[in-house]
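File shown: start_18.cif (mmCIF, C-alpha atoms).
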```
data_protein
loop_
_atom_site.group_PDB
_atom_site.id
_atom_site.type_symbol
_atom_site.label_atom_id
_atom_site.label_comp_id
_atom_site.auth_asym_id
_atom_site.auth_seq_id
_atom_site.Cartn_x
_atom_site.Cartn_y
_atom_site.Cartn_z
ATOM 1 C CA MET A 13 -0.481 12.929 -12.843
ATOM 2 C CA THR A 14 -0.982 10.866 -9.710
ATOM 3 C CA LYS A 15 -3.442 8.008 -10.232
ATOM 4 C CA ILE A 16 -5.872 6.367 -7.814
ATOM 5 C CA GLY A 17 -5.612 2.695 -6.951
ATOM 6 C CA LEU A 18 -7.058 0.281 -4.420
ATOM 7 C CA GLN A 19 -5.311 -2.138 -2.084
ATOM 8 C CA LEU A 20 -7.427 -5.230 -2.650
ATOM 9 C CA TYR A 21 -7.021 -6.370 0.951
ATOM 10 C CA THR A 22 -9.874 -3.921 1.612
ATOM 11 C CA VAL A 23 -12.324 -6.146 -0.308
ATOM 12 C CA ARG A 24 -10.830 -9.518 0.582
ATOM 13 C CA GLU A 25 -14.158 -11.099 1.590
ATOM 14 C CA SER A 26 -15.695 -10.132 -1.740
ATOM 15 C CA LEU A 27 -12.691 -11.488 -3.619
ATOM 16 C CA GLU A 28 -13.068 -14.818 -1.848
ATOM 17 C CA GLN A 29 -16.672 -15.034 -3.034
ATOM 18 C CA ASP A 30 -16.308 -13.588 -6.535
ATOM 19 C CA PHE A 31 -12.811 -12.600 -7.586
ATOM 20 C CA GLU A 32 -13.607 -11.566 -11.149
ATOM 21 C CA GLY A 33 -16.840 -9.760 -10.270
ATOM 22 C CA THR A 34 -15.151 -7.814 -7.487
ATOM 23 C CA ILE A 35 -12.303 -6.681 -9.738
ATOM 24 C CA ARG A 36 -14.849 -5.540 -12.324
ATOM 25 C CA LYS A 37 -16.715 -3.574 -9.642
ATOM 26 C CA VAL A 38 -13.493 -1.853 -8.548
ATOM 27 C CA ALA A 39 -12.987 -0.692 -12.142
ATOM 28 C CA GLU A 40 -16.609 0.453 -12.451
ATOM 29 C CA LEU A 41 -16.210 2.646 -9.374
ATOM 30 C CA GLY A 42 -13.403 4.568 -11.063
ATOM 31 C CA TYR A 43 -10.208 3.116 -9.634
ATOM 32 C CA HIS A 44 -7.416 2.923 -12.192
ATOM 33 C CA GLY A 45 -5.166 0.367 -10.550
ATOM 34 C CA VAL A 46 -5.135 -2.444 -8.022
ATOM 35 C CA GLU A 47 -2.571 -3.542 -5.506
ATOM 36 C CA PHE A 48 -2.672 -7.250 -4.843
ATOM 37 C CA ALA A 49 -2.473 -9.078 -1.521
ATOM 38 C CA GLY A 50 -2.737 -12.604 -2.909
ATOM 39 C CA TYR A 51 -4.175 -13.929 -6.157
ATOM 40 C CA TYR A 52 -6.966 -16.196 -4.865
ATOM 41 C CA GLY A 53 -5.849 -19.236 -6.828
ATOM 42 C CA ARG A 54 -5.756 -17.486 -10.194
ATOM 43 C CA THR A 55 -2.867 -17.934 -12.576
ATOM 44 C CA ALA A 56 -0.823 -15.005 -13.803
ATOM 45 C CA GLU A 57 -2.413 -15.410 -17.236
ATOM 46 C CA GLN A 58 -5.923 -15.261 -15.750
ATOM 47 C CA VAL A 59 -5.066 -12.124 -13.771
ATOM 48 C CA LYS A 60 -3.479 -10.521 -16.833
ATOM 49 C CA GLU A 61 -6.592 -11.236 -18.908
ATOM 50 C CA LEU A 62 -8.892 -9.751 -16.253
ATOM 51 C CA LEU A 63 -6.775 -6.616 -15.970
ATOM 52 C CA ALA A 64 -6.854 -6.198 -19.744
ATOM 53 C CA GLU A 65 -10.646 -6.616 -19.763
ATOM 54 C CA THR A 66 -11.217 -4.015 -17.031
ATOM 55 C CA GLY A 67 -8.464 -1.578 -18.001
ATOM 56 C CA LEU A 68 -6.979 -1.756 -14.521
ATOM 57 C CA GLU A 69 -3.234 -1.569 -13.930
ATOM 58 C CA ALA A 70 -1.355 -3.822 -11.545
ATOM 59 C CA LEU A 71 0.278 -1.124 -9.440
ATOM 60 C CA GLY A 72 1.948 -3.352 -6.865
ATOM 61 C CA SER A 73 1.751 -6.567 -4.899
ATOM 62 C CA HIS A 74 2.075 -7.155 -1.157
ATOM 63 C CA ILE A 75 4.147 -10.292 -0.616
ATOM 64 C CA GLY A 76 5.244 -11.610 2.764
ATOM 65 C CA TYR A 77 8.884 -11.181 3.750
ATOM 66 C CA GLU A 78 9.465 -14.926 4.172
ATOM 67 C CA ARG A 79 7.742 -15.677 0.875
ATOM 68 C CA LEU A 80 10.044 -13.231 -0.888
ATOM 69 C CA LYS A 81 13.105 -14.784 0.720
ATOM 70 C CA GLN A 82 12.052 -18.307 -0.210
ATOM 71 C CA SER A 83 10.342 -17.842 -3.590
ATOM 72 C CA LEU A 84 11.426 -14.535 -5.083
ATOM 73 C CA GLY A 85 11.853 -16.060 -8.533
ATOM 74 C CA ASP A 86 8.271 -17.308 -8.627
ATOM 75 C CA GLU A 87 6.926 -13.947 -7.499
ATOM 76 C CA VAL A 88 9.023 -12.084 -10.056
ATOM 77 C CA ALA A 89 7.788 -14.333 -12.857
ATOM 78 C CA PHE A 90 4.123 -13.951 -11.835
ATOM 79 C CA ASN A 91 4.322 -10.184 -11.507
ATOM 80 C CA GLN A 92 6.189 -9.684 -14.746
ATOM 81 C CA ILE A 93 3.353 -11.470 -16.544
ATOM 82 C CA ILE A 94 0.672 -9.239 -14.985
ATOM 83 C CA GLY A 95 2.678 -6.087 -15.690
ATOM 84 C CA ASN A 96 3.661 -5.164 -12.147
ATOM 85 C CA LYS A 97 7.156 -4.031 -11.201
ATOM 86 C CA TYR A 98 6.604 -3.184 -7.510
ATOM 87 C CA LEU A 99 7.125 -5.988 -4.968
ATOM 88 C CA ILE A 100 6.104 -4.727 -1.541
ATOM 89 C CA ILE A 101 6.963 -6.084 1.896
ATOM 90 C CA PRO A 102 3.709 -5.406 3.765
ATOM 91 C CA TYR A 103 4.726 -6.191 7.320
ATOM 92 C CA LEU A 104 7.404 -7.575 9.588
ATOM 93 C CA SER A 105 6.315 -9.841 12.446
ATOM 94 C CA GLU A 106 7.655 -9.388 15.971
ATOM 95 C CA ASP A 107 10.010 -12.321 15.422
ATOM 96 C CA GLN A 108 11.263 -10.904 12.123
ATOM 97 C CA ARG A 109 12.100 -7.569 13.712
ATOM 98 C CA LYS A 110 13.560 -8.800 17.002
ATOM 99 C CA GLY A 111 16.882 -7.790 15.548
ATOM 100 C CA TRP A 112 16.323 -4.781 13.318
ATOM 101 C CA GLN A 113 19.784 -5.037 11.810
ATOM 102 C CA GLY A 114 19.097 -8.554 10.614
ATOM 103 C CA ALA A 115 15.824 -7.460 9.024
ATOM 104 C CA ILE A 116 17.477 -4.488 7.350
ATOM 105 C CA ASP A 117 20.263 -6.667 5.978
ATOM 106 C CA GLY A 118 17.699 -9.148 4.675
ATOM 107 C CA ILE A 119 15.718 -6.391 2.980
ATOM 108 C CA ARG A 120 18.875 -5.037 1.359
ATOM 109 C CA SER A 121 19.635 -8.489 -0.027
ATOM 110 C CA LEU A 122 16.122 -8.819 -1.421
ATOM 111 C CA GLY A 123 16.389 -5.365 -2.970
ATOM 112 C CA MET A 124 19.571 -6.372 -4.776
ATOM 113 C CA LYS A 125 17.992 -9.557 -6.126
ATOM 114 C CA ALA A 126 14.851 -7.728 -7.226
ATOM 115 C CA ALA A 127 16.889 -5.065 -9.017
ATOM 116 C CA GLU A 128 18.750 -7.775 -10.930
ATOM 117 C CA GLU A 129 15.348 -8.821 -12.335
ATOM 118 C CA ASP A 130 14.369 -5.207 -13.192
ATOM 119 C CA MET A 131 11.878 -5.217 -10.335
ATOM 120 C CA VAL A 132 11.564 -2.694 -7.500
ATOM 121 C CA LEU A 133 11.324 -3.624 -3.821
ATOM 122 C CA LEU A 134 9.245 -1.409 -1.524
ATOM 123 C CA TYR A 135 8.519 -1.433 2.184
ATOM 124 C CA HIS A 136 5.052 -0.633 3.576
ATOM 125 C CA ASN A 137 4.968 0.624 7.151
ATOM 126 C CA HIS A 138 2.599 0.293 10.058
ATOM 127 C CA ASP A 139 2.978 2.300 13.261
ATOM 128 C CA PHE A 140 5.559 0.070 14.974
ATOM 129 C CA GLU A 141 8.382 1.102 12.622
ATOM 130 C CA LEU A 142 7.948 4.612 13.997
ATOM 131 C CA SER A 143 7.319 3.750 17.643
ATOM 132 C CA GLU A 144 10.273 1.347 17.784
ATOM 133 C CA GLU A 145 13.737 2.892 17.631
ATOM 134 C CA TYR A 146 16.968 1.603 16.178
ATOM 135 C CA GLU A 147 20.269 3.470 16.248
ATOM 136 C CA GLY A 148 18.645 6.472 17.891
ATOM 137 C CA GLN A 149 15.925 7.030 15.318
ATOM 138 C CA PRO A 150 12.622 5.472 14.297
ATOM 139 C CA ALA A 151 13.316 2.048 12.842
ATOM 140 C CA LEU A 152 11.709 3.075 9.545
ATOM 141 C CA ASP A 153 14.235 5.863 9.109
ATOM 142 C CA ALA A 154 17.096 3.566 10.093
ATOM 143 C CA MET A 155 16.002 1.133 7.405
ATOM 144 C CA PHE A 156 15.814 3.739 4.666
ATOM 145 C CA SER A 157 19.082 5.332 5.726
ATOM 146 C CA GLN A 158 20.935 2.012 5.516
ATOM 147 C CA VAL A 159 19.389 0.650 2.313
ATOM 148 C CA PRO A 160 19.852 2.951 -0.700
ATOM 149 C CA ALA A 161 16.963 4.119 -2.844
ATOM 150 C CA SER A 162 18.301 2.027 -5.730
ATOM 151 C CA LEU A 163 17.466 -1.091 -3.688
ATOM 152 C CA LEU A 164 14.450 -0.006 -1.631
ATOM 153 C CA GLN A 165 11.619 2.409 -2.275
ATOM 154 C CA ALA A 166 8.901 3.482 0.161
ATOM 155 C CA GLU A 167 5.196 2.840 0.242
ATOM 156 C CA LEU A 168 4.271 5.228 3.008
ATOM 157 C CA ASP A 169 1.097 4.343 4.883
ATOM 158 C CA THR A 170 0.108 7.843 5.910
ATOM 159 C CA CYS A 171 -2.658 6.718 8.256
ATOM 160 C CA TRP A 172 -0.239 4.700 10.385
ATOM 161 C CA VAL A 173 2.219 7.596 10.359
ATOM 162 C CA HIS A 174 -0.584 9.769 11.745
ATOM 163 C CA PHE A 175 -1.515 7.151 14.351
ATOM 164 C CA ALA A 176 2.114 6.915 15.476
ATOM 165 C CA GLY A 177 2.042 10.642 16.263
ATOM 166 C CA TYR A 178 4.054 11.938 13.312
ATOM 167 C CA ASP A 179 3.100 14.341 10.545
ATOM 168 C CA PRO A 180 2.392 12.383 7.337
ATOM 169 C CA VAL A 181 3.118 15.440 5.181
ATOM 170 C CA GLU A 182 6.573 15.789 6.698
ATOM 171 C CA TYR A 183 7.262 12.114 5.994
ATOM 172 C CA ILE A 184 6.078 12.467 2.401
ATOM 173 C CA LEU A 185 8.474 15.373 1.960
ATOM 174 C CA LYS A 186 11.245 13.423 3.673
ATOM 175 C CA TYR A 187 10.969 10.532 1.237
ATOM 176 C CA THR A 188 10.216 12.486 -1.920
ATOM 177 C CA GLY A 189 12.153 10.861 -4.738
ATOM 178 C CA ARG A 190 11.752 7.338 -3.382
ATOM 179 C CA LEU A 191 7.997 7.313 -2.787
ATOM 180 C CA PRO A 192 6.119 5.972 -5.829
ATOM 181 C CA LEU A 193 3.185 4.657 -3.787
ATOM 182 C CA VAL A 194 1.307 6.332 -0.933
ATOM 183 C CA HIS A 195 -1.281 4.444 1.100
ATOM 184 C CA PHE A 196 -4.256 6.699 1.564
ATOM 185 C CA LYS A 197 -6.750 5.982 4.321
ATOM 186 C CA ASP A 198 -8.679 7.535 7.169
ATOM 187 C CA MET A 199 -9.192 6.538 10.794
ATOM 188 C CA VAL A 200 -10.714 7.474 14.119
ATOM 189 C CA THR A 201 -9.081 6.976 17.492
ATOM 190 C CA LYS A 202 -11.332 4.866 19.692
ATOM 191 C CA ALA A 203 -11.855 5.355 23.418
ATOM 192 C CA ASP A 204 -9.288 2.679 24.207
ATOM 193 C CA GLY A 205 -6.668 4.479 22.127
ATOM 194 C CA SER A 206 -6.710 2.017 19.245
ATOM 195 C CA ALA A 207 -7.334 2.916 15.606
ATOM 196 C CA GLU A 208 -10.430 2.117 13.571
ATOM 197 C CA THR A 209 -10.027 2.581 9.841
ATOM 198 C CA VAL A 210 -12.991 4.297 8.173
ATOM 199 C CA GLU A 211 -13.988 5.513 4.733
ATOM 200 C CA LEU A 212 -12.173 8.551 3.374
ATOM 201 C CA GLY A 213 -13.595 11.727 4.868
ATOM 202 C CA GLN A 214 -15.186 9.958 7.830
ATOM 203 C CA GLY A 215 -12.251 10.275 10.227
ATOM 204 C CA GLU A 216 -9.604 12.524 11.676
ATOM 205 C CA VAL A 217 -6.786 12.315 9.114
ATOM 206 C CA ASP A 218 -5.984 15.479 7.104
ATOM 207 C CA LEU A 219 -6.546 13.796 3.759
ATOM 208 C CA LYS A 220 -6.345 16.922 1.598
ATOM 209 C CA ALA A 221 -2.946 17.877 2.975
ATOM 210 C CA ILE A 222 -1.682 14.347 2.401
ATOM 211 C CA ALA A 223 -3.048 14.150 -1.140
ATOM 212 C CA ASP A 224 -1.611 17.563 -2.001
ATOM 213 C CA ALA A 225 1.799 16.556 -0.644
ATOM 214 C CA ALA A 226 1.762 13.193 -2.417
ATOM 215 C CA VAL A 227 0.975 14.866 -5.734
ATOM 216 C CA ALA A 228 3.677 17.493 -5.169
ATOM 217 C CA SER A 229 6.176 14.756 -4.331
ATOM 218 C CA GLY A 230 5.583 13.041 -7.656
ATOM 219 C CA ALA A 231 3.946 9.923 -6.252
ATOM 220 C CA GLU A 232 2.664 7.695 -9.033
ATOM 221 C CA TRP A 233 -0.266 6.315 -7.081
ATOM 222 C CA LEU A 234 -2.479 7.174 -4.140
ATOM 223 C CA VAL A 235 -3.627 3.748 -2.951
ATOM 224 C CA VAL A 236 -6.901 3.638 -1.043
ATOM 225 C CA GLU A 237 -6.983 1.091 1.762
ATOM 226 C CA GLN A 238 -9.327 0.334 4.640
ATOM 227 C CA ASP A 239 -7.990 -2.381 6.928
ATOM 228 C CA GLU A 240 -11.357 -3.166 8.496
ATOM 229 C CA CYS A 241 -14.787 -2.220 7.138
ATOM 230 C CA LEU A 242 -16.932 -2.167 10.266
ATOM 231 C CA ARG A 243 -19.628 0.335 9.327
ATOM 232 C CA ASN A 244 -20.454 -0.664 5.757
ATOM 233 C CA ASP A 245 -19.979 -3.486 3.286
ATOM 234 C CA PRO A 246 -16.420 -3.290 1.862
ATOM 235 C CA LEU A 247 -17.640 -2.511 -1.664
ATOM 236 C CA LYS A 248 -19.774 0.313 -0.245
ATOM 237 C CA CYS A 249 -16.743 1.549 1.698
ATOM 238 C CA ILE A 250 -14.608 1.874 -1.414
ATOM 239 C CA GLU A 251 -17.501 3.606 -3.200
ATOM 240 C CA ILE A 252 -17.745 6.190 -0.393
ATOM 241 C CA SER A 253 -13.986 6.694 -0.491
ATOM 242 C CA MET A 254 -14.093 7.212 -4.257
ATOM 243 C CA GLU A 255 -16.723 9.913 -3.797
ATOM 244 C CA TRP A 256 -14.310 11.772 -1.506
ATOM 245 C CA ILE A 257 -11.614 11.447 -4.175
ATOM 246 C CA LYS A 258 -13.896 12.731 -6.929
ATOM 247 C CA ASN A 259 -14.863 15.704 -4.771
ATOM 248 C CA TYR A 260 -11.186 16.410 -4.100
ATOM 249 C CA ARG A 261 -10.604 16.369 -7.854
ATOM 250 C CA ARG A 262 -13.525 18.733 -8.457
ATOM 251 C CA GLN A 263 -11.989 21.149 -5.963
ATOM 252 C CA GLY A 264 -8.738 21.247 -7.917
ATOM 253 C CA GLY A 265 -6.846 18.189 -6.728
ATOM 254 C CA GLN A 266 -4.277 17.208 -9.328
ATOM 255 C CA ILE A 267 -5.156 13.536 -9.551
ATOM 256 C CA HIS A 268 -6.324 11.360 -12.400
ATOM 257 C CA VAL A 269 -9.923 10.208 -11.875
#
```
Written as structure tokens, how would this file's structure read?
Amino acid sequence: MTKIGLQLYTVRESLEQDFEGTIRKVAELGYHGVEFAGYYGRTAEQVKELLAETGLEALGSHIGYERLKQSLGDEVAFNQIIGNKYLIIPYLSEDQRKGWQGAIDGIRSLGMKAAEEDMVLLYHNHDFELSEEYEGQPALDAMFSQVPASLLQAELDTCWVHFAGYDPVEYILKYTGRLPLVHFKDMVTKADGSAETVELGQGEVDLKAIADAAVASGAEWLVVEQDECLRNDPLKCIEISMEWIKNYRRQGGQIHV
């Protein structure tokens, strides 16, 4: 059954102030796993101990593309200790994607090296991979068509798919079989056309359809994320989002809460 996790970038300010206390609060709210975006100076052994204490799983880790190219061995060692097998490229800068073919080739190489260590490389999208084209198709699709599933899995950020003007459900179906992680978040379109991320249920995204499709696709985790928490404290934001999830479960959603 699909489990519910949190991308810790959402509560980054709280982690800076109290890493251990924030992780404990995430567990208390009912999340079953956490996706890292940095370790805030903690050792792998310290993170492992905290996860064991709280019962949380390390479901993935966002690691910069250049960091992976330069220090893959260190990242593999750290993540093997904390029990995580998913290494996720969170973003490509404008410079890194000036030549999409070069980026795709680099990602393929990283995927091969990760696989040799029994780790799995994933790519997390924003909207630009869908608005920018390469070889006559969205760059995201070009990437996944060139790099086989054995070397690259998808972490589909459904909110950014929505913002880019595509149907997130169609993309979930498209990548079924190579989609262990689905980023799950809500947004509103502001007057200037930009996106503001909001708590689950407070925006325009069809969350139920996305959750249903993710479960049907066999996704291991729905990963709650809110890029910016502008209306509430981040810990309150993730509490509100968890209430939406619990209500979805009460209405028959096949997720583990």
Within 10 Å of A:Thr34, counting all atoms listed in the file, which residues qualify if same-chain residues fewer than 4 places away don't, as a tab-separated table (two decimals) with C-alpha atoms, keeping the file's coordinate frame?
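Dumped to around.tsv:
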```tsv
chain	number	residue	atom	x	y	z
A	20	LEU	CA	-7.43	-5.23	-2.65
A	23	VAL	CA	-12.32	-6.15	-0.31
A	24	ARG	CA	-10.83	-9.52	0.58
A	25	GLU	CA	-14.16	-11.10	1.59
A	26	SER	CA	-15.70	-10.13	-1.74
A	27	LEU	CA	-12.69	-11.49	-3.62
A	28	GLU	CA	-13.07	-14.82	-1.85
A	29	GLN	CA	-16.67	-15.03	-3.03
A	30	ASP	CA	-16.31	-13.59	-6.54
A	38	VAL	CA	-13.49	-1.85	-8.55
A	39	ALA	CA	-12.99	-0.69	-12.14
A	40	GLU	CA	-16.61	0.45	-12.45
A	247	LEU	CA	-17.64	-2.51	-1.66
```
Near-stretch 93-106 of chain A list (10 Å; all atoms listed in the file; drop same-chain fewer than 6 positions) as a compact mmCIF listing (two decimals) with C-alpha atoms, in the coordinates of the input:
```
# COMPACT_ATOMS: atom_id res chain seq x y z
CA GLU A 47 -2.57 -3.54 -5.51
CA PHE A 48 -2.67 -7.25 -4.84
CA ALA A 49 -2.47 -9.08 -1.52
CA THR A 55 -2.87 -17.93 -12.58
CA ALA A 56 -0.82 -15.00 -13.80
CA GLU A 57 -2.41 -15.41 -17.24
CA GLN A 58 -5.92 -15.26 -15.75
CA VAL A 59 -5.07 -12.12 -13.77
CA LYS A 60 -3.48 -10.52 -16.83
CA GLU A 61 -6.59 -11.24 -18.91
CA LEU A 62 -8.89 -9.75 -16.25
CA LEU A 63 -6.78 -6.62 -15.97
CA ALA A 64 -6.85 -6.20 -19.74
CA GLU A 69 -3.23 -1.57 -13.93
CA ALA A 70 -1.36 -3.82 -11.54
CA LEU A 71 0.28 -1.12 -9.44
CA GLY A 72 1.95 -3.35 -6.86
CA SER A 73 1.75 -6.57 -4.90
CA HIS A 74 2.08 -7.16 -1.16
CA ILE A 75 4.15 -10.29 -0.62
CA GLY A 76 5.24 -11.61 2.76
CA TYR A 77 8.88 -11.18 3.75
CA GLU A 78 9.46 -14.93 4.17
CA ARG A 79 7.74 -15.68 0.88
CA LEU A 80 10.04 -13.23 -0.89
CA LEU A 84 11.43 -14.54 -5.08
CA GLU A 87 6.93 -13.95 -7.50
CA ALA A 115 15.82 -7.46 9.02
CA ILE A 119 15.72 -6.39 2.98
CA GLY A 123 16.39 -5.36 -2.97
CA ALA A 126 14.85 -7.73 -7.23
CA GLU A 129 15.35 -8.82 -12.34
CA ASP A 130 14.37 -5.21 -13.19
CA MET A 131 11.88 -5.22 -10.34
CA VAL A 132 11.56 -2.69 -7.50
CA LEU A 133 11.32 -3.62 -3.82
CA LEU A 134 9.24 -1.41 -1.52
CA TYR A 135 8.52 -1.43 2.18
CA HIS A 136 5.05 -0.63 3.58
CA ASN A 137 4.97 0.62 7.15
CA HIS A 138 2.60 0.29 10.06
CA PHE A 140 5.56 0.07 14.97
CA GLU A 141 8.38 1.10 12.62
CA LEU A 164 14.45 -0.01 -1.63
CA GLN A 165 11.62 2.41 -2.28
CA ALA A 166 8.90 3.48 0.16
CA GLU A 167 5.20 2.84 0.24
CA PRO A 192 6.12 5.97 -5.83
CA LEU A 193 3.18 4.66 -3.79
```
Point-to-point distance from atom CA of A:Arg243 to atom CA of A:Gly45, Å rounded to tenths
24.6 Å
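For the atom pair formed by atom CA of A:Lys110 and atom CA of A:Asp179, the distance is 26.2 Å, given to one decimal.
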Spell out the residues picked by the PyMOL selection byres ((chain A and resi 238) around 12) here, as number ranges by chain.
A: 18-24, 169, 171-172, 195-200, 207-212, 214-215, 235-237, 239-253
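With distances taken over only C-alpha atoms, A:Leu41 is the one residue among A:Leu41, A:Gly148, A:Arg54, A:Glu32 lying closest to A:Lys258.
Within 10 Å of A:Lys15, once only C-alpha atoms are used and residues closer than 6 positions along the same chain are dropped, the contacting residues are A:Tyr43, A:His44, A:Gly45, A:Leu71, A:Leu193, A:Val227, A:Ala231, A:Glu232, A:Trp233, A:Leu234, A:Val235, A:Gln266, A:Ile267, A:His268, A:Val269.
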One decimal, Å: what's the distance from atom CA of A:Ala226 over to atom CA of A:Gly118, could you say?
28.3 Å
For a cutoff of 9 Å around the file-coordinate point (13.6, 7.3, -10.1), which residues qualify once you count all atoms listed in the file? I'd like the result as a count of residues only.
5
If the PyMOL selection byres ((chain A and resi 181) around 8) were run on this exact file, what residues would it hold? Put them as a list in words.
Asp179, Pro180, Glu182, Tyr183, Ile184, Leu185, Ala221, Ile222 and Ala225 of chain A
Test item: axis-aligned box, all listed atoms of stretch 225-241 of chain A, 4 Å on each side, centre and edges in Å rounded to one decimal, as lines of an AutoDock Vina configuration file:
```
center_x = -4.3
center_y = 7.2
center_z = -0.3
size_x = 29.0
size_y = 28.7
size_z = 25.5
```
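If all atoms listed in the file are the atoms counted, then among A:Gly50, A:Phe175, A:Tyr187, A:Glu147 the closest residue to A:Asp218 is A:Phe175.
Shortest atom-to-atom contact with A:Val217 among A:Ile257, A:Leu152, A:Leu191, A:Val173: A:Val173, counting all atoms listed in the file.
Counting all atoms listed in the file, A:Pro150 has the following residues at most 12 Å away, ignoring those fewer than 3 positions along the same chain: Trp112, Asn137, Asp139, Phe140, Glu141, Leu142, Ser143, Glu144, Glu145, Tyr146, Glu147, Asp153, Ala154, Met155, Phe156, Ser157, Val173, Ala176, Gly177, Tyr178 and Tyr183 of chain A.
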Deliver the residues from the most recent selection as a file, using C-alpha atoms, as a CSV table (one decimal), keeping the file's coordinate frame.
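For reference, selection-v6.csv as written:
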```
chain,number,residue,atom,x,y,z
A,112,TRP,CA,16.3,-4.8,13.3
A,137,ASN,CA,5.0,0.6,7.2
A,139,ASP,CA,3.0,2.3,13.3
A,140,PHE,CA,5.6,0.1,15.0
A,141,GLU,CA,8.4,1.1,12.6
A,142,LEU,CA,7.9,4.6,14.0
A,143,SER,CA,7.3,3.8,17.6
A,144,GLU,CA,10.3,1.3,17.8
A,145,GLU,CA,13.7,2.9,17.6
A,146,TYR,CA,17.0,1.6,16.2
A,147,GLU,CA,20.3,3.5,16.2
A,153,ASP,CA,14.2,5.9,9.1
A,154,ALA,CA,17.1,3.6,10.1
A,155,MET,CA,16.0,1.1,7.4
A,156,PHE,CA,15.8,3.7,4.7
A,157,SER,CA,19.1,5.3,5.7
A,173,VAL,CA,2.2,7.6,10.4
A,176,ALA,CA,2.1,6.9,15.5
A,177,GLY,CA,2.0,10.6,16.3
A,178,TYR,CA,4.1,11.9,13.3
A,183,TYR,CA,7.3,12.1,6.0
```
Of the listed residues A:Ala223, A:Ala89, A:Ala151, A:Ala127, that which approaches A:Arg261 most closely, counting only C-alpha atoms:
A:Ala223
